[in-house]
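Engineer: Contents are CSV, C-alpha atoms and all ligand atoms; file name protein.csv:
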chain,number,residue,atom,x,y,z
A,1,MET,CA,-9.3,16.7,49.5
A,2,ASN,CA,-7.4,16.1,46.2
A,3,SER,CA,-9.5,15.9,43.1
A,4,PRO,CA,-10.0,12.4,41.7
A,5,VAL,CA,-7.7,11.7,38.7
A,6,LEU,CA,-10.7,11.0,36.5
A,7,SER,CA,-14.2,12.2,36.9
A,8,ILE,CA,-16.8,11.3,34.2
A,9,LYS,CA,-20.2,12.8,34.7
A,10,LYS,CA,-23.3,11.6,32.8
A,11,VAL,CA,-21.4,11.1,29.6
A,12,SER,CA,-23.3,9.9,26.5
A,13,LYS,CA,-22.2,9.1,23.0
A,14,SER,CA,-24.3,7.9,20.1
A,15,PHE,CA,-23.3,6.9,16.6
A,16,PRO,CA,-25.4,7.1,13.4
A,17,VAL,CA,-26.3,3.7,12.2
A,18,GLY,CA,-28.0,4.6,8.9
A,19,GLY,CA,-31.6,5.1,8.1
A,20,GLY,CA,-31.5,8.2,10.3
A,21,SER,CA,-31.4,6.3,13.5
A,22,THR,CA,-28.6,6.2,16.1
A,23,LYS,CA,-27.0,3.7,18.4
A,24,ILE,CA,-26.3,4.8,22.0
A,25,ALA,CA,-22.8,3.4,22.6
A,26,VAL,CA,-22.3,5.1,26.0
A,27,ASP,CA,-25.4,6.0,28.0
A,28,ARG,CA,-25.1,8.6,30.8
A,29,VAL,CA,-22.1,7.0,32.4
A,30,SER,CA,-20.6,8.5,35.6
A,31,LEU,CA,-17.4,7.2,37.0
A,32,THR,CA,-14.9,8.6,39.5
A,33,VAL,CA,-11.4,7.1,39.7
A,34,PRO,CA,-9.1,8.3,42.5
A,35,GLN,CA,-5.3,8.6,42.3
A,36,GLY,CA,-3.5,5.3,41.9
A,37,GLN,CA,-6.6,3.1,41.4
A,38,PHE,CA,-6.3,0.3,38.9
A,39,VAL,CA,-9.8,-0.4,37.3
A,40,THR,CA,-10.5,-3.4,35.1
A,41,VAL,CA,-13.4,-3.0,32.7
A,42,ILE,CA,-15.4,-6.0,31.4
A,43,GLY,CA,-18.5,-6.5,29.3
A,44,SER,CA,-19.7,-8.3,26.2
A,45,ASN,CA,-19.0,-7.2,22.7
A,46,GLY,CA,-20.5,-3.8,21.9
A,47,ALA,CA,-21.1,-3.0,25.5
A,48,GLY,CA,-19.4,0.4,25.1
A,49,LYS,CA,-16.0,-0.3,26.7
A,50,SER,CA,-13.8,1.0,23.9
A,51,THR,CA,-16.1,4.0,23.3
A,52,LEU,CA,-15.8,4.9,26.9
A,53,LEU,CA,-12.0,4.8,26.7
A,54,ASN,CA,-12.1,6.7,23.4
A,55,LEU,CA,-14.2,9.4,25.1
A,56,VAL,CA,-11.6,9.7,27.9
A,57,ALA,CA,-8.8,9.8,25.4
A,58,GLY,CA,-10.5,12.5,23.3
A,59,ARG,CA,-10.9,10.4,20.2
A,60,TYR,CA,-14.6,11.2,20.5
A,61,ILE,CA,-16.2,14.2,22.1
A,62,PRO,CA,-19.3,13.3,24.2
A,63,ASP,CA,-22.8,14.3,23.0
A,64,THR,CA,-23.6,15.3,26.6
A,65,GLY,CA,-21.8,15.2,30.0
A,66,THR,CA,-18.3,16.2,31.2
A,67,ILE,CA,-14.9,14.6,31.7
A,68,SER,CA,-12.4,16.0,34.1
A,69,LEU,CA,-8.8,15.0,34.7
A,70,ASN,CA,-7.2,16.1,38.0
A,71,GLY,CA,-10.0,18.6,38.5
A,72,THR,CA,-9.7,20.2,35.1
A,73,ASP,CA,-12.5,19.9,32.6
A,74,ILE,CA,-11.1,18.3,29.5
A,75,THR,CA,-14.4,17.5,27.8
A,76,ASN,CA,-13.5,19.6,24.7
A,77,LEU,CA,-9.7,19.2,24.8
A,78,SER,CA,-8.2,17.7,21.6
A,79,GLU,CA,-6.9,14.1,21.6
A,80,HIS,CA,-3.4,15.5,20.9
A,81,ARG,CA,-3.4,17.8,23.9
A,82,ARG,CA,-4.7,15.0,26.2
A,83,ALA,CA,-1.9,12.7,25.0
A,84,ALA,CA,0.5,14.7,27.3
A,85,PHE,CA,-1.5,13.3,30.3
A,86,ILE,CA,-3.0,10.1,29.1
A,87,GLY,CA,-1.0,7.0,27.9
A,88,ARG,CA,-2.7,4.4,25.8
A,89,VAL,CA,-2.1,0.9,24.6
A,90,PHE,CA,-4.4,-0.7,22.0
A,91,GLN,CA,-5.3,-4.3,21.1
A,92,ASP,CA,-3.4,-4.1,17.8
A,93,PRO,CA,0.4,-4.3,18.3
A,94,LEU,CA,0.7,-2.3,15.0
A,95,GLN,CA,-1.1,0.7,16.4
A,96,GLY,CA,1.0,1.8,19.3
A,97,THR,CA,4.4,2.0,17.6
A,98,ALA,CA,5.7,3.3,14.2
A,99,ALA,CA,7.0,0.3,12.3
A,100,SER,CA,9.4,2.1,9.9
A,101,MET,CA,11.1,3.9,12.8
A,102,THR,CA,13.8,2.5,15.1
A,103,ILE,CA,13.2,1.6,18.7
A,104,GLU,CA,15.0,4.7,19.9
A,105,GLU,CA,13.1,6.9,17.5
A,106,ASN,CA,9.9,5.5,18.8
A,107,LEU,CA,10.9,6.1,22.4
A,108,SER,CA,12.0,9.6,21.6
A,109,MET,CA,8.7,10.3,20.0
A,110,ALA,CA,6.8,8.9,23.1
A,111,GLU,CA,8.9,11.0,25.4
A,112,SER,CA,8.1,14.2,23.5
A,113,ARG,CA,4.3,13.4,23.4
A,114,GLY,CA,2.3,16.5,24.0
A,115,LEU,CA,5.3,18.8,23.9
A,116,ARG,CA,5.5,21.7,21.5
A,117,ARG,CA,7.5,20.8,18.4
A,118,THR,CA,10.2,23.3,19.3
A,119,LEU,CA,10.8,21.5,22.6
A,120,ARG,CA,11.4,18.1,21.0
A,121,ARG,CA,14.9,17.0,20.8
A,122,GLY,CA,16.6,14.3,18.8
A,123,VAL,CA,18.1,11.1,20.2
A,124,THR,CA,20.9,12.4,22.5
A,125,LYS,CA,23.5,10.4,24.3
A,126,GLU,CA,21.8,10.8,27.6
A,127,ARG,CA,18.5,9.9,26.2
A,128,ARG,CA,20.0,6.8,24.7
A,129,ALA,CA,21.4,5.7,28.0
A,130,ARG,CA,18.0,6.2,29.7
A,131,PHE,CA,16.3,4.2,26.9
A,132,ARG,CA,18.7,1.3,27.4
A,133,GLU,CA,17.9,1.3,31.1
A,134,LEU,CA,14.1,1.4,30.5
A,135,LEU,CA,14.3,-1.4,27.9
A,136,ALA,CA,16.5,-3.6,30.1
A,137,VAL,CA,13.5,-3.8,32.5
A,138,LEU,CA,11.5,-5.6,29.9
A,139,GLY,CA,14.0,-8.5,29.9
A,140,LEU,CA,13.6,-8.9,26.1
A,141,GLY,CA,17.1,-7.8,25.1
A,142,LEU,CA,15.7,-4.8,23.3
A,143,GLU,CA,18.3,-2.6,25.0
A,144,ASP,CA,20.9,-3.9,22.5
A,145,ARG,CA,18.6,-3.2,19.5
A,146,LEU,CA,18.0,0.5,19.9
A,147,ARG,CA,18.6,1.1,16.2
A,148,SER,CA,16.5,-1.8,15.0
A,149,GLU,CA,13.3,-1.0,13.1
A,150,VAL,CA,10.2,-1.7,15.2
A,151,GLY,CA,8.6,-3.5,12.3
A,152,LEU,CA,11.0,-6.3,12.8
A,153,LEU,CA,9.8,-7.0,16.4
A,154,SER,CA,7.3,-9.7,17.4
A,155,GLY,CA,3.8,-8.8,18.5
A,156,GLY,CA,4.7,-9.4,22.2
A,157,GLN,CA,7.9,-7.3,21.9
A,158,ARG,CA,5.9,-4.5,20.2
A,159,GLN,CA,3.2,-4.5,22.9
A,160,SER,CA,5.9,-4.4,25.6
A,161,LEU,CA,7.5,-1.5,23.8
A,162,SER,CA,4.1,0.2,23.4
A,163,LEU,CA,3.5,-0.2,27.2
A,164,LEU,CA,6.9,1.4,27.9
A,165,MET,CA,6.1,4.2,25.5
A,166,ALA,CA,2.7,4.8,27.0
A,167,THR,CA,4.1,4.9,30.6
A,168,MET,CA,7.6,6.4,30.4
A,169,THR,CA,6.3,9.9,31.0
A,170,LYS,CA,4.3,8.7,34.0
A,171,PRO,CA,1.0,9.9,32.6
A,172,SER,CA,-1.9,10.9,34.9
A,173,LEU,CA,-4.0,8.1,33.4
A,174,LEU,CA,-3.2,4.9,31.6
A,175,LEU,CA,-5.8,3.4,29.2
A,176,LEU,CA,-5.4,-0.2,28.1
A,177,ASP,CA,-7.9,-1.6,25.6
A,178,GLU,CA,-7.5,-5.4,25.5
A,179,HIS,CA,-3.8,-4.8,24.9
A,180,THR,CA,-2.9,-8.5,25.3
A,181,ALA,CA,-5.8,-10.0,23.3
A,182,ALA,CA,-3.9,-10.4,20.0
A,183,LEU,CA,-1.0,-12.2,21.7
A,184,ASP,CA,-0.5,-16.0,22.3
A,185,PRO,CA,-1.3,-17.0,25.9
A,186,LYS,CA,2.3,-17.2,27.1
A,187,THR,CA,3.3,-13.8,25.6
A,188,ALA,CA,0.0,-12.3,26.9
A,189,GLN,CA,0.9,-13.5,30.4
A,190,GLN,CA,4.3,-11.8,30.2
A,191,VAL,CA,2.8,-8.5,29.0
A,192,VAL,CA,0.2,-8.7,31.8
A,193,ALA,CA,3.0,-9.3,34.4
A,194,LEU,CA,4.9,-6.3,32.9
A,195,THR,CA,1.7,-4.2,33.0
A,196,GLU,CA,1.2,-5.0,36.7
A,197,ARG,CA,4.8,-4.2,37.5
A,198,ILE,CA,4.8,-0.8,35.7
A,199,VAL,CA,1.4,0.2,37.1
A,200,ARG,CA,2.4,-0.6,40.6
A,201,GLU,CA,5.9,0.9,40.4
A,202,TYR,CA,4.7,4.2,39.0
A,203,GLY,CA,1.4,4.1,41.0
A,204,LEU,CA,-0.5,4.8,37.7
A,205,THR,CA,-4.2,5.4,37.7
A,206,THR,CA,-5.3,2.8,35.1
A,207,LEU,CA,-8.4,1.7,33.2
A,208,MET,CA,-7.9,-1.7,31.6
A,209,VAL,CA,-10.4,-3.4,29.3
A,210,THR,CA,-10.2,-7.2,29.3
A,211,HIS,CA,-12.3,-10.1,28.2
A,212,ASN,CA,-10.5,-12.4,30.7
A,213,LEU,CA,-12.7,-12.5,33.8
A,214,GLU,CA,-10.1,-14.2,35.9
A,215,GLN,CA,-7.6,-11.5,35.0
A,216,ALA,CA,-10.3,-8.8,35.6
A,217,LEU,CA,-10.7,-9.9,39.2
A,218,ARG,CA,-7.1,-10.7,40.0
A,219,LEU,CA,-5.5,-7.5,38.6
A,220,GLY,CA,-6.0,-4.1,40.1
A,221,ASP,CA,-8.4,-2.8,42.8
A,222,ARG,CA,-11.8,-2.4,41.2
A,223,THR,CA,-13.8,-4.1,38.4
A,224,ILE,CA,-16.6,-2.4,36.5
A,225,MET,CA,-19.0,-4.3,34.1
A,226,MET,CA,-20.6,-2.5,31.2
A,227,HIS,CA,-23.7,-3.6,29.4
A,228,GLU,CA,-25.5,-1.7,26.6
A,229,GLY,CA,-23.6,1.5,27.3
A,230,LYS,CA,-24.1,1.6,31.1
A,231,ILE,CA,-22.0,0.5,34.1
A,232,VAL,CA,-24.1,-2.3,35.5
A,233,LEU,CA,-21.7,-3.6,38.2
A,234,ASP,CA,-19.0,-1.8,40.2
A,235,LEU,CA,-16.9,-4.1,42.5
A,236,SER,CA,-14.2,-3.2,44.9
A,237,GLY,CA,-12.9,-4.1,48.4
A,238,GLN,CA,-14.2,-7.1,50.2
A,239,VAL,CA,-17.0,-7.9,47.8
A,240,ARG,CA,-14.6,-8.0,44.9
A,241,GLN,CA,-12.1,-10.1,46.8
A,242,THR,CA,-14.6,-12.8,47.5
A,243,MET,CA,-16.0,-12.7,43.9
A,244,THR,CA,-15.3,-15.7,41.6
A,245,VAL,CA,-15.4,-16.0,37.9
A,246,ALA,CA,-18.6,-18.1,38.3
A,247,ASP,CA,-20.2,-15.3,40.2
A,248,LEU,CA,-19.2,-12.8,37.5
A,249,LEU,CA,-20.7,-15.1,34.8
A,250,ALA,CA,-23.9,-15.3,36.8
A,251,GLU,CA,-23.9,-11.5,36.9
A,252,PHE,CA,-23.5,-11.4,33.1
A,253,THR,CA,-26.4,-13.7,32.7
A,254,ARG,CA,-28.5,-11.7,35.2
A,255,VAL,CA,-28.0,-8.3,33.4
A,256,ARG,CA,-28.6,-9.8,30.0
A,257,GLY,CA,-31.7,-11.5,31.3
A,258,GLU,CA,-33.0,-8.3,32.9
A,259,SER,CA,-32.4,-6.4,29.7
A,260,LEU,CA,-34.5,-9.0,27.8
A,261,VAL,CA,-37.2,-8.6,30.3
A,262,ASP,CA,-37.0,-4.8,29.8
A,263,ASP,CA,-37.2,-5.2,26.1
A,264,ARG,CA,-40.3,-7.4,26.5
A,265,LEU,CA,-41.9,-4.9,28.8
A,266,LEU,CA,-41.1,-2.2,26.2
A,267,LEU,CA,-42.7,-4.2,23.5
A,268,ALA,CA,-45.8,-5.1,25.5
A,301,LIG,N1,-17.1,4.8,15.3
A,301,LIG,C1,-18.2,4.1,15.4
A,301,LIG,N2,-19.2,4.3,14.5
A,301,LIG,C2,-20.4,3.7,14.6
A,301,LIG,N3,-20.7,2.8,15.6
A,301,LIG,C3,-19.7,2.6,16.6
A,301,LIG,C4,-18.5,3.3,16.5
A,301,LIG,N4,-17.7,2.9,17.6
A,301,LIG,C5,-18.5,2.1,18.3
A,301,LIG,N5,-19.7,1.9,17.7
A,301,LIG,C6,-20.9,1.1,18.2
A,301,LIG,O1,-21.0,1.4,19.6
A,301,LIG,C7,-21.3,0.3,20.3
A,301,LIG,C8,-20.2,0.1,21.4
A,301,LIG,O2,-19.0,-0.3,20.8
A,301,LIG,P1,-17.6,-0.4,21.5
A,301,LIG,O3,-16.6,-0.6,20.5
A,301,LIG,O4,-17.5,0.6,22.5
A,301,LIG,O5,-17.9,-1.8,22.3
A,301,LIG,P2,-16.9,-2.7,23.2
A,301,LIG,O6,-17.5,-2.9,24.5
A,301,LIG,O7,-15.5,-2.1,23.1
A,301,LIG,O8,-16.9,-4.1,22.4
A,301,LIG,P3,-15.8,-5.2,22.1
A,301,LIG,O9,-15.7,-6.0,23.3
A,301,LIG,O10,-16.3,-5.9,20.9
A,301,LIG,O11,-14.5,-4.5,21.8
A,301,LIG,C9,-21.4,-0.9,19.3
A,301,LIG,O12,-22.7,-1.1,19.0
A,301,LIG,C10,-20.6,-0.4,18.1
A,301,LIG,O13,-21.0,-0.9,16.9
A,302,MG,MG,-13.7,-2.8,22.4
What does this structure look like when you write it as structure tokens?

Structural biologist:
Amino acid sequence: MNSPVLSIKKVSKSFPVGGGSTKIAVDRVSLTVPQGQFVTVIGSNGAGKSTLLNLVAGRYIPDTGTISLNGTDITNLSEHRRAAFIGRVFQDPLQGTAASMTIEENLSMAESRGLRRTLRRGVTKERRARFRELLAVLGLGLEDRLRSEVGLLSGGQRQSLSLLMATMTKPSLLLLDEHTAALDPKTAQQVVALTERIVREYGLTTLMVTHNLEQALRLGDRTIMMHEGKIVLDLSGQVRQTMTVADLLAEFTRVRGESLVDDRLLLA
């Protein structure tokens, strides 16, 4: 059998919070994601969603546990090296692109991600033709603005470009951390539709954090809920299909309630 694309085993990460104490952001999380699965990740503020994605991307190295990609242990691989296999789009439209560089320079850079410097090439004629094709798919007219500075684009245009840059090399894994949260509702909807299209077309294995519960259930194949650094709910198949937003909210309340009870027990 093929190895799963992503295999996280008992991964934990704590941060110092001053006074010599630590906060456990991710607490012995295990998660296996097979090829082509699209997982939506929900959970309240501070639940550990971004930290989990940051651990997978190599921004942070886990305190304990292992992370494997396509069967290879990448737990200690640098963020830079992982970038060759992992595409990311962040919440902030300013983060995924270089504002002072042109659209074609940004795309060139994205295409060379993870390659040795000597293998990187400039913007050639063939590359430019390919970029035009890719940009045309966005339907934003960016294919005629290859030499415009990215800083001149709107938030939605920048996020669409970020998505293109994160996926154009068909990465093993795509990580999306609330990548539409900073956009107005209509633009957010367009970027979500684009996300769906790109993920399906390339068959990308994807983890997408969202606060939109309706979206979490509608998009993709599986939904996980995090709470206090742990995965407390893992939905797929029939169960997920029949799940409503109201059911999810009830689950949120239930896990929060239970943790309160736990705290009380601990204090007793
Ligand atoms: N670099 C850091 N230094 C210190 N504490 C951190 C750091 N990153 C995250 N934390 C803490 O870890 C916990 C989990 O944070 P994380 O950002 O993963 O949550 P989240 O689920 O993404 O929340 P949100 O929905 O608000 O984005 C929080 O208590 C947060 O304050
Ligand atoms: Mg977050």

Engineer: Between CA of Asp234 (chain A) and CA of Asp247 (chain A), what is the distance, to one decimal in Å?

Structural biologist: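 Interatomic distance, CA of Asp234 (chain A) to CA of Asp247 (chain A): 13.6 Å.
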
Engineer: Counting only C-alpha atoms and all ligand atoms, which residue out of A:Thr72, A:Thr40, A:Gln159, A:Gln91 sits closest to ligand MG 302 (chain A)?

Structural biologist: A:Gln91

Engineer: Can you tell me which residues sit at most 12 Å away from ligand MG 302 (chain A), counting only C-alpha atoms and all ligand atoms, written as a count of residues only?

Structural biologist: 29

Engineer: Any idea what's packed within 9 Å of region 164-171 of chain A, counting only C-alpha atoms, ignoring anything in its chain fewer than 5 positions away? Could you give it as a list in words?

Structural biologist: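 Once the nearby chain positions are removed, what remains is Ala83, Ala84, Phe85, Ile86, Gly87, Arg88, Val89, Gly96, Thr97, Asn106, Leu107, Ser108, Met109, Ala110, Glu111, Ser112, Arg113, Leu134, Leu135, Leu138, Gln159, Ile198, Val199, Tyr202, Gly203, Leu204 and Thr205 of chain A.
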
Engineer: Can you pull out every residue within 10 Å of Gln189 (chain A), counting all atoms listed in the file, but drop anything in the same chain fewer than 4 positions away, and send it as a ChimeraX atom specification?

Structural biologist: /A:156,180,183-185,193-195,215

Engineer: Would you mind reading off the distance between CA of Ile24 (chain A) and atom O7 of ligand LIG 301 (chain A), one decimal, in Å?

Structural biologist: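 About the pair CA of Ile24 (chain A) and atom O7 of ligand LIG 301 (chain A): they are 12.9 Å apart.
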
Engineer: When distances are computed from all atoms listed in the file, which of A:Ile231, A:Val5, A:Leu94, A:Val150 shows the smallest separation from ligand LIG 301 (chain A)?

Structural biologist: A:Ile231

Engineer: Please write a file for region 85-101 of chain A, taken from the block I just shared, that holds N, CA and C atoms and is laid out as a compact mmCIF listing (two decimals), in the first residue's frame.

Structural biologist:
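Printed below is selection.txt as written:
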# COMPACT_ATOMS: atom_id res chain seq x y z
N PHE A 85 7.98 20.74 -1.35
CA PHE A 85 6.89 19.76 -1.39
C PHE A 85 5.58 20.30 -0.82
N ILE A 86 5.68 21.42 -0.10
CA ILE A 86 4.51 21.93 0.61
C ILE A 86 4.19 23.35 0.16
N GLY A 87 2.97 23.57 -0.34
CA GLY A 87 2.52 24.90 -0.72
C GLY A 87 1.69 25.50 0.41
N ARG A 88 1.80 26.82 0.61
CA ARG A 88 1.06 27.45 1.71
C ARG A 88 0.41 28.74 1.25
N VAL A 89 -0.77 29.00 1.80
CA VAL A 89 -1.36 30.34 1.65
C VAL A 89 -1.83 30.77 3.04
N PHE A 90 -1.45 31.98 3.42
CA PHE A 90 -1.74 32.48 4.75
C PHE A 90 -2.98 33.39 4.74
N GLN A 91 -3.37 33.82 5.92
CA GLN A 91 -4.52 34.72 6.05
C GLN A 91 -4.23 36.09 5.45
N ASP A 92 -3.02 36.57 5.69
CA ASP A 92 -2.65 37.92 5.29
C ASP A 92 -2.24 37.95 3.81
N PRO A 93 -3.00 38.68 2.98
CA PRO A 93 -2.65 38.73 1.55
C PRO A 93 -1.23 39.26 1.31
N LEU A 94 -0.68 39.99 2.28
CA LEU A 94 0.65 40.56 2.10
C LEU A 94 1.75 39.52 2.28
N GLN A 95 1.40 38.39 2.89
CA GLN A 95 2.44 37.42 3.26
C GLN A 95 2.89 36.48 2.15
N GLY A 96 1.98 36.15 1.24
CA GLY A 96 2.30 35.11 0.26
C GLY A 96 3.02 35.59 -0.99
N THR A 97 3.06 36.91 -1.18
CA THR A 97 3.64 37.46 -2.40
C THR A 97 4.62 38.57 -2.05
N ALA A 98 5.51 38.90 -2.98
CA ALA A 98 6.46 39.99 -2.75
C ALA A 98 5.94 41.25 -3.44
N ALA A 99 5.56 42.26 -2.66
CA ALA A 99 4.86 43.45 -3.17
C ALA A 99 5.65 44.24 -4.19
N SER A 100 6.98 44.34 -4.00
CA SER A 100 7.76 45.21 -4.86
C SER A 100 8.21 44.50 -6.13
N MET A 101 7.86 43.22 -6.25
CA MET A 101 8.21 42.47 -7.45
C MET A 101 7.00 42.36 -8.37
